[in-house]
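Undergrad: Next comes coords_36.cif, mmCIF, C-alpha atoms:
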```
data_final
loop_
_atom_site.label_atom_id
_atom_site.label_comp_id
_atom_site.auth_asym_id
_atom_site.auth_seq_id
_atom_site.Cartn_x
_atom_site.Cartn_y
_atom_site.Cartn_z
CA MET X 1288 -2.52 -58.95 -6.58
CA THR X 1289 -6.14 -58.78 -7.70
CA PRO X 1290 -8.22 -55.67 -7.49
CA THR X 1291 -10.45 -57.34 -4.94
CA ARG X 1292 -7.69 -58.06 -2.51
CA PHE X 1293 -6.39 -54.56 -2.89
CA ARG X 1294 -9.73 -53.09 -1.96
CA ALA X 1295 -10.20 -55.43 0.98
CA ALA X 1296 -7.00 -54.11 2.49
CA ALA X 1297 -7.42 -50.51 1.54
CA VAL X 1298 -10.89 -49.81 2.83
CA PRO X 1299 -10.32 -50.42 6.54
CA VAL X 1300 -7.07 -48.48 6.42
CA ALA X 1301 -8.85 -45.51 4.91
CA LEU X 1302 -11.52 -45.67 7.60
CA ILE X 1303 -8.97 -45.75 10.37
CA PHE X 1304 -7.25 -42.77 8.86
CA SER X 1305 -10.49 -40.86 8.89
CA ALA X 1306 -10.93 -41.73 12.54
CA GLY X 1307 -7.57 -40.20 13.25
CA ALA X 1308 -8.48 -37.06 11.39
CA PHE X 1309 -11.73 -36.86 13.31
CA LEU X 1310 -9.87 -37.08 16.59
CA ALA X 1311 -7.54 -34.32 15.59
CA ALA X 1312 -10.41 -32.11 14.50
CA CYS X 1313 -12.39 -32.58 17.67
CA GLY X 1314 -9.77 -32.82 20.32
CA SER X 1315 -6.75 -30.70 19.67
CA ASP X 1316 -7.77 -27.28 18.50
CA SER X 1317 -5.35 -25.80 20.95
CA ASP X 1318 -2.40 -27.09 18.96
CA ASP X 1319 -2.94 -24.24 16.56
CA ALA X 1320 -3.77 -21.72 19.22
CA LYS X 1321 -0.64 -19.70 19.23
CA PRO X 1322 -0.87 -15.95 19.22
CA ALA X 1323 -0.70 -14.34 15.85
CA THR X 1324 2.47 -12.53 15.13
CA THR X 1325 2.66 -9.31 13.25
CA THR X 1326 1.22 -9.01 9.80
CA GLU X 1327 2.76 -10.95 6.98
CA ALA X 1328 2.27 -7.99 4.73
CA ALA X 1329 5.74 -6.71 5.48
CA ASP X 1330 7.18 -9.65 3.60
CA SER X 1331 4.96 -9.34 0.62
CA ALA X 1332 6.91 -6.76 -1.29
CA THR X 1333 10.18 -8.57 -1.37
CA THR X 1334 11.85 -10.26 -4.25
CA THR X 1335 12.02 -14.02 -4.36
CA GLU X 1336 14.00 -16.50 -6.38
CA ALA X 1337 12.28 -17.39 -9.58
CA PRO X 1338 11.96 -21.11 -10.09
CA VAL X 1339 12.54 -20.83 -13.82
CA ALA X 1340 14.48 -18.09 -15.51
CA THR X 1341 15.23 -19.55 -18.86
CA GLU X 1342 12.68 -17.73 -20.97
CA GLY X 1343 15.03 -14.93 -21.76
CA GLU X 1344 12.31 -12.35 -21.35
CA ILE X 1345 10.04 -10.60 -18.88
CA THR X 1346 6.96 -12.69 -18.12
CA PHE X 1347 3.79 -12.17 -16.08
CA SER X 1348 1.64 -14.54 -14.10
CA GLY X 1349 -1.30 -14.53 -11.68
CA GLN X 1350 -2.51 -11.13 -12.85
CA TRP X 1351 -5.86 -9.91 -11.52
CA ALA X 1352 -7.69 -6.74 -10.54
CA ARG X 1353 -9.97 -6.43 -7.55
CA THR X 1354 -13.69 -6.02 -8.10
CA SER X 1355 -14.34 -2.41 -7.13
CA PRO X 1356 -17.22 -1.27 -4.94
CA THR X 1357 -19.58 0.97 -6.87
CA MET X 1358 -18.99 3.92 -4.55
CA THR X 1359 -15.26 4.20 -5.10
CA SER X 1360 -13.24 5.36 -8.07
CA MET X 1361 -10.06 3.51 -7.14
CA GLY X 1362 -8.92 0.08 -8.25
CA ALA X 1363 -5.90 -2.15 -7.79
CA VAL X 1364 -4.10 -4.62 -10.06
CA TYR X 1365 -1.86 -7.43 -8.82
CA LEU X 1366 0.54 -9.75 -10.64
CA GLU X 1367 3.90 -11.44 -10.54
CA ILE X 1368 6.67 -10.20 -12.80
CA THR X 1369 9.52 -12.56 -13.62
CA ASN X 1370 12.68 -11.32 -15.23
CA GLY X 1371 14.00 -14.21 -17.29
CA THR X 1372 16.77 -12.18 -18.84
CA ASP X 1373 20.31 -11.96 -17.55
CA MET X 1374 20.01 -8.20 -16.97
CA ASP X 1375 18.27 -6.36 -14.17
CA ASP X 1376 15.27 -4.39 -15.35
CA ALA X 1377 12.98 -1.87 -13.71
CA LEU X 1378 9.27 -1.21 -13.96
CA PHE X 1379 8.76 2.53 -13.88
CA ALA X 1380 5.32 3.20 -15.33
CA ALA X 1381 1.90 1.63 -15.79
CA SER X 1382 -1.05 2.79 -17.83
CA VAL X 1383 -4.51 1.71 -18.91
CA ASP X 1384 -6.82 2.88 -21.63
CA SER X 1385 -8.76 6.03 -20.81
CA THR X 1386 -11.99 4.04 -21.12
CA ILE X 1387 -10.90 2.12 -17.99
CA ALA X 1388 -9.37 4.71 -15.67
CA GLY X 1389 -8.00 8.21 -15.65
CA SER X 1390 -4.53 7.16 -14.57
CA ALA X 1391 -2.45 4.34 -13.15
CA GLU X 1392 0.42 4.49 -10.69
CA ILE X 1393 2.79 2.00 -9.08
CA HIS X 1394 2.14 1.95 -5.35
CA GLU X 1395 3.34 0.16 -2.31
CA ASN X 1396 1.97 -0.09 1.18
CA VAL X 1397 4.34 0.63 3.98
CA MET X 1398 3.79 -0.22 7.60
CA THR X 1399 5.07 2.59 9.72
CA ASP X 1400 6.22 1.83 13.22
CA GLY X 1401 3.40 2.36 15.63
CA ASP X 1402 5.63 3.83 18.30
CA GLU X 1403 6.86 6.65 16.16
CA GLY X 1404 3.45 8.06 15.56
CA ASP X 1405 4.84 9.83 12.55
CA MET X 1406 5.47 9.00 8.96
CA HIS X 1407 9.18 9.16 8.47
CA ASP X 1408 9.89 7.39 5.29
CA GLY X 1409 12.62 9.04 3.36
CA ASP X 1410 11.71 11.46 0.64
CA ASP X 1411 7.98 11.15 1.02
CA GLU X 1412 7.89 12.48 4.52
CA GLY X 1413 6.84 15.92 3.37
CA ASP X 1414 3.69 14.60 1.75
CA MET X 1415 1.93 13.84 4.96
CA HIS X 1416 0.92 16.36 7.51
CA GLY X 1417 -0.02 14.41 10.53
CA ASP X 1418 -1.26 16.07 13.63
CA ASP X 1419 0.61 14.55 16.51
CA ASP X 1420 -2.41 14.98 18.74
CA MET X 1421 -4.21 12.53 16.51
CA THR X 1422 -1.66 9.78 16.80
CA PRO X 1423 -1.77 8.26 20.23
CA THR X 1424 0.86 5.71 21.03
CA SER X 1425 -0.20 2.38 19.73
CA GLY X 1426 -0.69 -0.98 21.26
CA MET X 1427 0.10 -4.28 19.59
CA GLY X 1428 0.33 -4.14 15.84
CA GLY X 1429 -0.75 -0.55 15.90
CA GLY X 1430 1.39 0.67 13.06
CA MET X 1431 -0.16 2.50 10.19
CA MET X 1432 -0.46 1.29 6.65
CA THR X 1433 0.26 4.05 4.18
CA MET X 1434 0.19 3.88 0.44
CA GLN X 1435 2.87 5.63 -1.48
CA GLU X 1436 3.78 5.99 -5.09
CA VAL X 1437 6.95 4.22 -6.19
CA ASP X 1438 9.23 5.71 -8.85
CA GLU X 1439 10.47 2.35 -10.04
CA ILE X 1440 10.65 -1.25 -8.95
CA VAL X 1441 13.78 -3.14 -9.87
CA ILE X 1442 13.15 -6.64 -11.21
CA PRO X 1443 16.53 -8.33 -10.76
CA ALA X 1444 17.75 -10.71 -13.43
CA GLY X 1445 16.36 -14.18 -12.79
CA ASP X 1446 14.03 -13.01 -10.02
CA THR X 1447 10.29 -12.60 -9.54
CA VAL X 1448 8.68 -9.61 -7.87
CA VAL X 1449 5.22 -10.19 -6.45
CA PHE X 1450 2.53 -7.53 -6.45
CA GLU X 1451 -0.10 -8.55 -3.89
CA PRO X 1452 -2.50 -7.09 -1.31
CA GLY X 1453 -0.56 -5.30 1.39
CA GLY X 1454 2.52 -4.82 -0.79
CA TYR X 1455 3.00 -3.53 -4.30
CA HIS X 1456 0.04 -2.88 -6.55
CA ILE X 1457 -0.84 -0.95 -9.67
CA MET X 1458 -3.35 1.62 -8.47
CA LEU X 1459 -6.02 2.74 -10.90
CA MET X 1460 -7.47 6.17 -10.27
CA ASP X 1461 -10.66 7.75 -11.56
CA LEU X 1462 -12.19 4.51 -12.76
CA VAL X 1463 -14.59 5.28 -15.58
CA GLU X 1464 -16.86 2.45 -14.43
CA PRO X 1465 -16.61 0.01 -11.52
CA LEU X 1466 -14.48 -3.04 -12.23
CA LYS X 1467 -16.95 -5.91 -12.44
CA THR X 1468 -16.09 -9.51 -11.65
CA GLY X 1469 -15.28 -11.42 -14.82
CA ASP X 1470 -14.35 -8.36 -16.91
CA THR X 1471 -10.91 -8.19 -18.47
CA PHE X 1472 -8.79 -5.23 -19.51
CA GLU X 1473 -5.25 -4.49 -20.58
CA VAL X 1474 -2.51 -2.85 -18.55
CA THR X 1475 0.60 -1.52 -20.22
CA LEU X 1476 3.74 -1.84 -18.12
CA THR X 1477 6.81 0.13 -19.08
CA PHE X 1478 10.25 -1.24 -18.30
CA ALA X 1479 13.60 0.51 -18.51
CA ASN X 1480 15.08 -2.16 -20.77
CA GLY X 1481 12.08 -4.16 -21.92
CA GLY X 1482 10.01 -1.18 -23.03
CA ASP X 1483 6.22 -1.37 -23.11
CA MET X 1484 4.60 -4.71 -22.40
CA VAL X 1485 0.86 -5.38 -22.32
CA VAL X 1486 -0.74 -7.77 -19.86
CA GLU X 1487 -4.42 -8.71 -19.77
CA VAL X 1488 -5.92 -8.84 -16.30
CA GLU X 1489 -9.16 -10.38 -15.11
CA VAL X 1490 -11.36 -8.75 -12.49
CA ARG X 1491 -11.90 -10.98 -9.49
CA ASP X 1492 -13.00 -10.79 -5.85
CA SER X 1493 -9.75 -12.24 -4.59
CA ALA X 1494 -6.45 -13.66 -5.69
CA ALA X 1495 -7.15 -17.39 -5.72
CA MET C 472 -13.30 -62.98 0.75
CA LYS C 473 -15.48 -63.94 3.63
CA ALA C 474 -13.43 -61.90 6.05
CA PHE C 475 -13.76 -58.76 3.98
CA PRO C 476 -17.12 -57.46 5.27
CA THR C 477 -16.21 -58.31 8.83
CA ARG C 478 -13.07 -56.23 8.71
CA ILE C 479 -14.96 -53.28 7.37
CA LEU C 480 -17.54 -53.65 10.10
CA ALA C 481 -14.85 -53.75 12.76
CA ALA C 482 -13.16 -50.70 11.34
CA THR C 483 -16.46 -48.85 11.18
CA LEU C 484 -17.20 -49.60 14.79
CA LEU C 485 -13.74 -48.40 15.71
CA VAL C 486 -14.42 -45.13 13.89
CA ALA C 487 -17.68 -44.72 15.75
CA ALA C 488 -16.08 -45.40 19.11
CA LEU C 489 -13.19 -43.06 18.55
CA SER C 490 -15.42 -40.32 17.23
CA LEU C 491 -17.68 -40.55 20.23
CA SER C 492 -14.86 -40.33 22.69
CA ALA C 493 -13.20 -37.50 20.82
CA CYS C 494 -16.24 -35.29 20.69
CA GLY C 495 -17.65 -36.26 24.03
CA SER C 496 -14.74 -34.73 25.85
CA SER C 497 -14.55 -31.49 23.94
CA ASP C 498 -17.66 -30.05 25.55
CA SER C 499 -16.41 -30.29 29.08
CA ALA C 500 -14.00 -27.76 30.53
CA GLY C 501 -10.98 -28.63 28.50
CA PRO C 502 -7.31 -28.20 29.07
CA GLU C 503 -5.76 -24.80 28.95
CA GLY C 504 -5.85 -23.34 25.46
CA GLU C 505 -9.03 -24.95 24.26
CA ASP C 506 -10.71 -21.58 23.95
CA ALA C 507 -7.57 -19.72 22.98
CA LEU C 508 -8.09 -17.15 20.27
CA LEU C 509 -5.73 -16.98 17.33
CA GLY C 510 -5.69 -13.18 16.95
CA MET C 511 -4.11 -10.71 19.33
CA VAL C 512 -5.59 -10.62 22.82
CA ARG C 513 -4.71 -7.75 25.15
CA SER C 514 -4.28 -8.02 28.85
CA PRO C 515 -5.92 -6.15 30.41
CA SER C 516 -8.54 -6.00 27.71
CA LEU C 517 -9.50 -2.83 25.93
CA THR C 518 -12.97 -1.41 26.48
CA VAL C 519 -14.52 0.83 23.87
CA GLY C 520 -18.16 0.79 24.92
CA GLU C 521 -18.16 4.50 25.71
CA VAL C 522 -17.24 5.46 22.16
CA GLU C 523 -20.12 7.10 20.32
CA LEU C 524 -20.32 7.25 16.53
CA LEU C 525 -22.99 7.93 13.95
CA ASP C 526 -24.51 4.98 12.11
CA VAL C 527 -25.12 6.59 8.74
CA SER C 528 -27.13 3.70 7.36
CA GLU C 529 -30.00 5.26 9.28
CA THR C 530 -31.76 8.48 8.20
CA PRO C 531 -31.16 10.63 10.10
CA PRO C 532 -27.89 9.08 11.32
CA GLU C 533 -28.25 7.34 14.65
CA LEU C 534 -25.77 7.78 17.50
CA VAL C 535 -24.57 4.34 18.56
CA THR C 536 -22.13 3.12 21.19
CA MET C 537 -19.55 0.46 20.48
CA LYS C 538 -21.43 -2.23 22.36
CA ALA C 539 -22.74 -5.03 20.20
CA PRO C 540 -26.35 -6.20 20.58
CA ALA C 541 -26.89 -8.93 23.20
CA ASP C 542 -25.16 -12.16 22.14
CA GLY C 543 -23.79 -10.37 19.10
CA LEU C 544 -20.43 -9.08 17.93
CA TYR C 545 -19.21 -5.99 16.14
CA LEU C 546 -16.23 -6.29 13.81
CA ILE C 547 -14.91 -2.74 13.82
CA TYR C 548 -12.37 -1.41 11.34
CA PHE C 549 -11.05 2.11 10.80
CA GLY C 550 -10.41 2.91 7.15
CA TYR C 551 -11.52 4.97 4.17
CA THR C 552 -13.21 4.15 0.90
CA SER C 553 -10.63 5.67 -1.46
CA CYS C 554 -8.27 2.94 -0.37
CA PRO C 555 -7.84 0.47 -3.23
CA ASP C 556 -5.76 -2.21 -1.55
CA ILE C 557 -5.72 -2.57 2.23
CA CYS C 558 -9.35 -1.76 3.01
CA PRO C 559 -11.04 -3.87 0.33
CA THR C 560 -8.64 -6.73 1.08
CA THR C 561 -9.68 -6.60 4.73
CA MET C 562 -13.39 -6.27 3.93
CA SER C 563 -13.11 -9.19 1.51
CA ASP C 564 -11.34 -11.33 4.13
CA LEU C 565 -14.02 -10.51 6.71
CA SER C 566 -16.71 -11.40 4.22
CA VAL C 567 -15.07 -14.76 3.49
CA ALA C 568 -14.67 -15.44 7.21
CA MET C 569 -18.36 -14.73 7.88
CA ASN C 570 -19.52 -16.81 4.93
CA ASP C 571 -17.68 -19.78 6.40
CA LEU C 572 -19.65 -19.58 9.64
CA PRO C 573 -22.99 -21.33 10.15
CA PRO C 574 -25.72 -18.81 9.19
CA ASP C 575 -27.08 -18.62 12.76
CA GLN C 576 -23.65 -17.48 13.97
CA ALA C 577 -22.95 -15.17 11.02
CA GLU C 578 -26.17 -13.26 11.56
CA ARG C 579 -25.08 -12.33 15.08
CA ILE C 580 -22.17 -10.38 13.61
CA THR C 581 -22.21 -6.83 12.25
CA VAL C 582 -19.27 -5.37 10.34
CA ALA C 583 -18.66 -1.68 11.03
CA MET C 584 -16.22 0.57 9.25
CA VAL C 585 -15.37 3.92 10.80
CA THR C 586 -14.13 6.37 8.20
CA VAL C 587 -11.01 8.36 9.03
CA ASP C 588 -11.60 10.38 5.84
CA PRO C 589 -14.98 12.03 6.42
CA ASP C 590 -14.42 14.65 3.71
CA ARG C 591 -14.55 12.09 0.93
CA ASP C 592 -16.60 9.46 2.74
CA THR C 593 -20.03 11.00 2.82
CA PRO C 594 -22.77 8.83 4.36
CA GLU C 595 -23.86 7.73 0.88
CA VAL C 596 -20.35 6.79 -0.23
CA LEU C 597 -19.54 4.95 2.98
CA ALA C 598 -22.82 3.03 3.09
CA GLY C 599 -22.55 2.10 -0.58
CA TYR C 600 -18.98 0.93 -0.15
CA LEU C 601 -19.74 -1.38 2.78
CA GLY C 602 -22.89 -2.60 1.05
CA HIS C 603 -20.62 -4.01 -1.67
CA PHE C 604 -19.20 -6.49 0.84
CA PHE C 605 -21.93 -7.14 3.43
CA GLU C 606 -25.65 -7.55 3.62
CA ASP C 607 -26.35 -5.37 6.65
CA PRO C 608 -23.21 -3.43 7.58
CA MET C 609 -22.85 -0.48 9.93
CA PRO C 610 -21.14 2.48 8.24
CA LEU C 611 -19.86 4.82 10.95
CA ARG C 612 -18.83 8.45 10.88
CA ALA C 613 -17.74 10.63 13.76
CA ALA C 614 -19.89 13.64 14.52
CA ASP C 615 -16.84 15.90 14.23
CA ASP C 616 -13.03 15.81 14.36
CA ALA C 617 -13.00 15.75 18.15
CA ALA C 618 -15.29 12.71 18.21
CA LEU C 619 -13.06 10.96 15.67
CA THR C 620 -9.98 11.67 17.77
CA LYS C 621 -11.74 10.36 20.85
CA ALA C 622 -12.83 7.20 19.06
CA THR C 623 -9.41 6.46 17.59
CA GLU C 624 -7.71 7.06 20.93
CA ALA C 625 -10.05 4.63 22.64
CA PHE C 626 -9.13 1.91 20.13
CA GLY C 627 -5.46 2.89 19.91
CA VAL C 628 -5.93 3.53 16.19
CA GLN C 629 -3.47 5.79 14.43
CA PHE C 630 -4.31 7.71 11.31
CA GLU C 631 -3.11 10.65 9.31
CA VAL C 632 -4.86 12.46 6.51
CA ALA C 633 -2.75 14.59 4.18
CA GLU C 634 -3.65 18.26 3.97
CA HIS C 635 -6.19 18.96 1.29
CA GLU C 636 -8.68 21.55 0.13
CA PRO C 637 -12.42 21.00 0.25
CA GLY C 638 -13.41 19.04 -2.85
CA ASP C 639 -9.99 17.42 -3.37
CA THR C 640 -10.28 13.80 -4.41
CA ASP C 641 -6.63 12.76 -4.47
CA TYR C 642 -4.74 12.86 -1.19
CA GLU C 643 -3.03 10.32 1.00
CA VAL C 644 -4.38 8.68 4.11
CA GLY C 645 -2.51 6.44 6.51
CA HIS C 646 -4.28 4.32 9.07
CA SER C 647 -3.99 1.34 11.40
CA ALA C 648 -5.35 -1.66 9.55
CA ILE C 649 -6.70 -3.71 12.44
CA THR C 650 -10.09 -5.33 12.87
CA TYR C 651 -11.46 -5.24 16.43
CA VAL C 652 -13.92 -7.89 17.62
CA VAL C 653 -16.17 -6.23 20.19
CA ASP C 654 -18.84 -7.84 22.37
CA GLU C 655 -22.03 -6.58 24.00
CA THR C 656 -20.12 -5.06 26.92
CA GLY C 657 -17.90 -3.01 24.64
CA THR C 658 -14.89 -5.20 25.36
CA VAL C 659 -12.42 -5.87 22.56
CA LEU C 660 -12.10 -9.67 22.65
CA VAL C 661 -9.53 -10.09 19.93
CA GLU C 662 -7.76 -8.02 17.26
CA TRP C 663 -6.76 -9.12 13.76
CA PRO C 664 -3.95 -7.28 12.00
CA PHE C 665 -3.92 -6.79 8.24
CA GLY C 666 -3.27 -10.02 6.40
CA PHE C 667 -4.69 -12.23 9.17
CA ASP C 668 -5.94 -15.44 7.63
CA SER C 669 -9.70 -15.54 7.07
CA GLU C 670 -9.89 -19.18 8.19
CA GLN C 671 -8.36 -18.16 11.50
CA MET C 672 -10.89 -15.33 11.74
CA THR C 673 -13.65 -17.89 11.27
CA ALA C 674 -12.09 -20.04 13.98
CA ASP C 675 -11.95 -17.11 16.41
CA LEU C 676 -15.54 -16.11 15.72
CA SER C 677 -16.65 -19.69 16.11
CA THR C 678 -14.82 -19.99 19.42
CA ILE C 679 -16.38 -16.78 20.73
CA LEU C 680 -19.92 -17.41 19.47
CA GLY C 681 -19.86 -21.06 20.50
CA ASN C 682 -19.35 -20.24 24.18
#
```
Go ahead and render the structure in this file as structure tokens.
TA:
Amino acid sequence: MTPTRFRAAAVPVALIFSAGAFLAACGSDSDDAKPATTTEAADSATTTEAPVATEGEITFSGQWARTSPTMTSMGAVYLEITNGTDMDDALFAASVDSTIAGSAEIHENVMTDGDEGDMHDGDDEGDMHGDDDMTPTSGMGGGMMTMQEVDEIVIPAGDTVVFEPGGYHIMLMDLVEPLKTGDTFEVTLTFANGGDMVVEVEVRDSAA
Amino acid sequence: MKAFPTRILAATLLVAALSLSACGSSDSAGPEGEDALLGMVRSPSLTVGEVELLDVSETPPELVTMKAPADGLYLIYFGYTSCPDICPTTMSDLSVAMNDLPPDQAERITVAMVTVDPDRDTPEVLAGYLGHFFEDPMPLRAADDAALTKATEAFGVQFEVAEHEPGDTDYEVGHSAITYVVDETGTVLVEWPFGFDSEQMTADLSTILGN
């Protein structure tokens, strides 16, 4: 087969394909028009199978911090933690240099059931003092997102735990200066077995 | 080799014909679902046009109702600026969604955030925060607690602010994380929960503004 013959056959096929794509784009928007279900955030703080767990150590990937608006002193760091060892481990503390922020905590967002109109969530219930008059019964998706500090997050052997918007994050409090896009800084993560590990994070507008 | 250009020409004409027929029919009243929105649509729809809040981007703050300007839309969100995760994620998603619209459609949209944490979110803080994400946002505060309760009830928003002393900077806030798309009549056309895909937001806005 010569290159010329190959091209003679390929070009019309490619054009017909693009015609098909055009049709789909113009004519069938309604195929996608199903009602949105509830937020995917509820799934975000779950553990997933790690594709590779042969490193024999704790590893990090996809780490980033969100660019912070100038008028706020809070920041958030996201990453994936993979436990490549054959022993469960647990992340129980995070810290950053005092030139970055006053303190760092491990947080998670929890969606409370909209119908309850109250924040029953185990031990932390006492922290919130909601006024029931202020919590009308909700409509669709009307649950509340509440941030709470987490004592520790277990990273099971061979698994990856994802920290992402809507789920777990490392919260930075009392930022010394706003986190600017493109900056990098170090976060120290403390594990029960693995001890202190340092990960460098880049400041970005969004994950991807 | 002689046949080569002819085949391309034929294929090109086919593309043209198909494209014409595909797009020609999409303007007419289409089958059910053509205008369907991807977010949550209530039936009957929610009306919030009576809600009055203070636009603190103006000095002095200007009392506004939740009715968008003619042919425009408000994207209204209840949150607070000391929120490092949910609120900036939502604002960032809204910003991406608007940037993906043609400029003439994007400029008909105003993003408004109503603070549920007025103690920390002074007019300056709130306006500065929104200004990080949008060119001409509408930072909103309630005139007092009663006005905030009234506003949240109208939208079906839930929120709770932990007890704190004046001047405290570290206390918890819980809130519904929904964006409401409101038209010039004060009708909520569609609602997007937290985590709703920004491309789907763009599609919804495009559907609404294209009509």
Undergrad: Suppose a student applies the PyMOL selection byres ((chain X and resi 1378) around 12) to this structure; what residues should they get, written as number ranges by chain?
TA: X: 1345, 1368-1370, 1375-1377, 1379-1382, 1392-1394, 1437-1443, 1448, 1450, 1455-1457, 1475-1484
Undergrad: Do you know which residues the PyMOL selection byres ((chain C and resi 561) around 10) returns on this file, as a PyMOL selection string?
TA: (chain X and resi 1452-1453) or (chain C and resi 548+550+556-560+562-567+648-650+663-667+669)
Undergrad: Please identify every residue of segment 542-606 of chain C that has at least one atom no farther than 10 Å from an atom of segment 621-624 of chain C, counting all atoms listed in the file, and for each give the shortest atom pair and the distance in Å to one decimal, arranged by chain then increasing number, as a Markdown table.
TA:
```
| residue | atom | partner | partner_atom | distance |
| --- | --- | --- | --- | --- |
| C:Phe549 | CA | C:Thr623 | CA | 8.2 |
| C:Val585 | CA | C:Ala622 | CA | 9.2 |
| C:Val587 | CA | C:Thr623 | CA | 8.9 |
```
Undergrad: Suppose a student applies the PyMOL selection byres ((chain C and resi 533) around 12) to this structure; what residues should they get, written as a ChimeraX atom specification?
TA: /C:523-532,534-536,594,609-614
Undergrad: Thr1433 of chain X: which residues within 8 Å, counting only C-alpha atoms, same-chain residues fewer than 3 positions away excluded, as a short mmCIF file (atom, residue, chain, number, x, y, z; two decimals) with C-alpha atoms, in the coordinates of the input?
TA:
```
data_model
loop_
_atom_site.label_atom_id
_atom_site.label_comp_id
_atom_site.auth_asym_id
_atom_site.auth_seq_id
_atom_site.Cartn_x
_atom_site.Cartn_y
_atom_site.Cartn_z
CA ASN X 1396 1.97 -0.09 1.18
CA VAL X 1397 4.34 0.63 3.98
CA MET X 1398 3.79 -0.22 7.60
CA THR X 1399 5.07 2.59 9.72
CA GLU C 643 -3.03 10.32 1.00
CA VAL C 644 -4.38 8.68 4.11
CA GLY C 645 -2.51 6.44 6.51
CA HIS C 646 -4.28 4.32 9.07
#
```
Undergrad: With only C-alpha atoms as the counted atoms, please give the residues lying no more than 6 Å from Ile547 of chain C, apart from itself and same-chain residues fewer than 6 positions off, as a VMD selection string.
TA: chain C and resid 583 to 584 650 to 651
Undergrad: Export C-alpha atoms of the chosen residues as a JSON list (two decimals), keeping the file's coordinate frame?
TA:
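File produced: result-v2.json:
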```
[["chain", "number", "residue", "atom", "x", "y", "z"],
["C", 583, "ALA", "CA", -18.66, -1.68, 11.03],
["C", 584, "MET", "CA", -16.22, 0.57, 9.25],
["C", 650, "THR", "CA", -10.09, -5.33, 12.87],
["C", 651, "TYR", "CA", -11.46, -5.24, 16.43]]
```
Undergrad: What is the atom CA of Ile679 of chain C to atom CA of Tyr600 of chain C distance in Å?
TA: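 Separation of atom CA of Ile679 of chain C and atom CA of Tyr600 of chain C: 27.5 Å.
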Undergrad: Using all atoms listed in the file, collect all residues at a distance of at most 10 Å from (-15.7, -22.5, 17.8) as written in the file, then present them as an NGL selection string.
TA: (:X and (1316)) or (:C and (505-506 or 508 or 572 or 673-682))
Undergrad: Would you list the residues near (-4.6, -0.2, -23.3) (no more than 12 Å away, in the coordinates of the file, using all atoms listed in the file) as a list of chain:residue names?
TA: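 Counting all atoms listed in the file, I find these residues within 12 Å of (-4.6, -0.2, -23.3): X:Ala1381, X:Ser1382, X:Val1383, X:Asp1384, X:Ser1385, X:Thr1386, X:Ile1387, X:Ala1388, X:Gly1389, X:Ser1390, X:Ala1391, X:Thr1471, X:Phe1472, X:Glu1473, X:Val1474, X:Thr1475, X:Leu1476, X:Asp1483, X:Met1484, X:Val1485, X:Val1486, X:Glu1487, X:Val1488.
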Undergrad: Would you mind reading off the distance between atom CA of Ala541 of chain C and atom CA of Thr518 of chain C, one decimal, in Å?
TA: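 Straight-line distance from atom CA of Ala541 of chain C to atom CA of Thr518 of chain C works out to 16.2 Å.
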Undergrad: For atom CA of Asp1470 of chain X and atom CA of Asp607 of chain C, determine how far apart the two atoms are, in Å to one decimal place.
TA: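 Pair atom CA of Asp1470 of chain X / atom CA of Asp607 of chain C returns 26.6 Å.
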Undergrad: Find the residues near Ala1363 of chain X: any atom within 6 Å, counting only C-alpha atoms, skip ones fewer than 4 places away on the same chain, and give them as a PDB file with C-alpha atoms, in the coordinates of the input.
TA:
```pdb
ATOM      1  CA  ALA X1352      -7.690  -6.740 -10.540  1.00  0.00           C
ATOM      2  CA  ARG X1353      -9.970  -6.430  -7.550  1.00  0.00           C
ATOM      3  CA  ILE X1457      -0.840  -0.950  -9.670  1.00  0.00           C
ATOM      4  CA  MET X1458      -3.350   1.620  -8.470  1.00  0.00           C
ATOM      5  CA  LEU X1459      -6.020   2.740 -10.900  1.00  0.00           C
TER       6      LEU X1459
ATOM      7  CA  PRO C 555      -7.840   0.470  -3.230  1.00  0.00           C
TER       8      PRO C 555
END
```
Undergrad: Looking at all atoms listed in the file, which of C:Thr656, C:Gly627, C:Glu636, C:Val522 is the one that sits closest to chain X?
TA: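 Counting all atoms listed in the file, the residue closest to chain X is C:Gly627.
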Undergrad: For a quick check of understanding, using all atoms listed in the file, which of X:Glu1464, X:Glu1436, X:Glu1489, X:Asp1446 has the smallest distance to chain C?
TA: X:Glu1436
Undergrad: Could you give me, as an mmCIF file with C-alpha atoms, keeping the file's coordinate frame, the residues within 10 Å of Glu606 of chain C, counting all atoms listed in the file and dropping anything in the same chain fewer than 4 positions from it?
TA:
```
data_model
loop_
_atom_site.group_PDB
_atom_site.id
_atom_site.type_symbol
_atom_site.label_atom_id
_atom_site.label_comp_id
_atom_site.auth_asym_id
_atom_site.auth_seq_id
_atom_site.Cartn_x
_atom_site.Cartn_y
_atom_site.Cartn_z
ATOM 1 C CA SER C 566 -16.710 -11.400 4.220
ATOM 2 C CA GLU C 578 -26.170 -13.260 11.560
ATOM 3 C CA THR C 581 -22.210 -6.830 12.250
ATOM 4 C CA VAL C 582 -19.270 -5.370 10.340
ATOM 5 C CA LEU C 601 -19.740 -1.380 2.780
ATOM 6 C CA GLY C 602 -22.890 -2.600 1.050
#
```
Undergrad: Taking only C-alpha atoms into account, name the residue in C:Ala539, C:Val659, C:Leu619, C:Ala507 that is nearest to chain X.
TA: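 Using only C-alpha atoms, chain X sits closest to C:Ala507.
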Undergrad: Could you work out an axis-aligned box for segment 1353-1364 of chain X, taking every atom the file lists and adding 6 Å on each side, and report centre and edge lengths in Å to one decimal, as JSON?
TA:
```
{"center_x": -11.8, "center_y": -0.5, "center_z": -7.3, "size_x": 27.5, "size_y": 23.8, "size_z": 17.5}
```
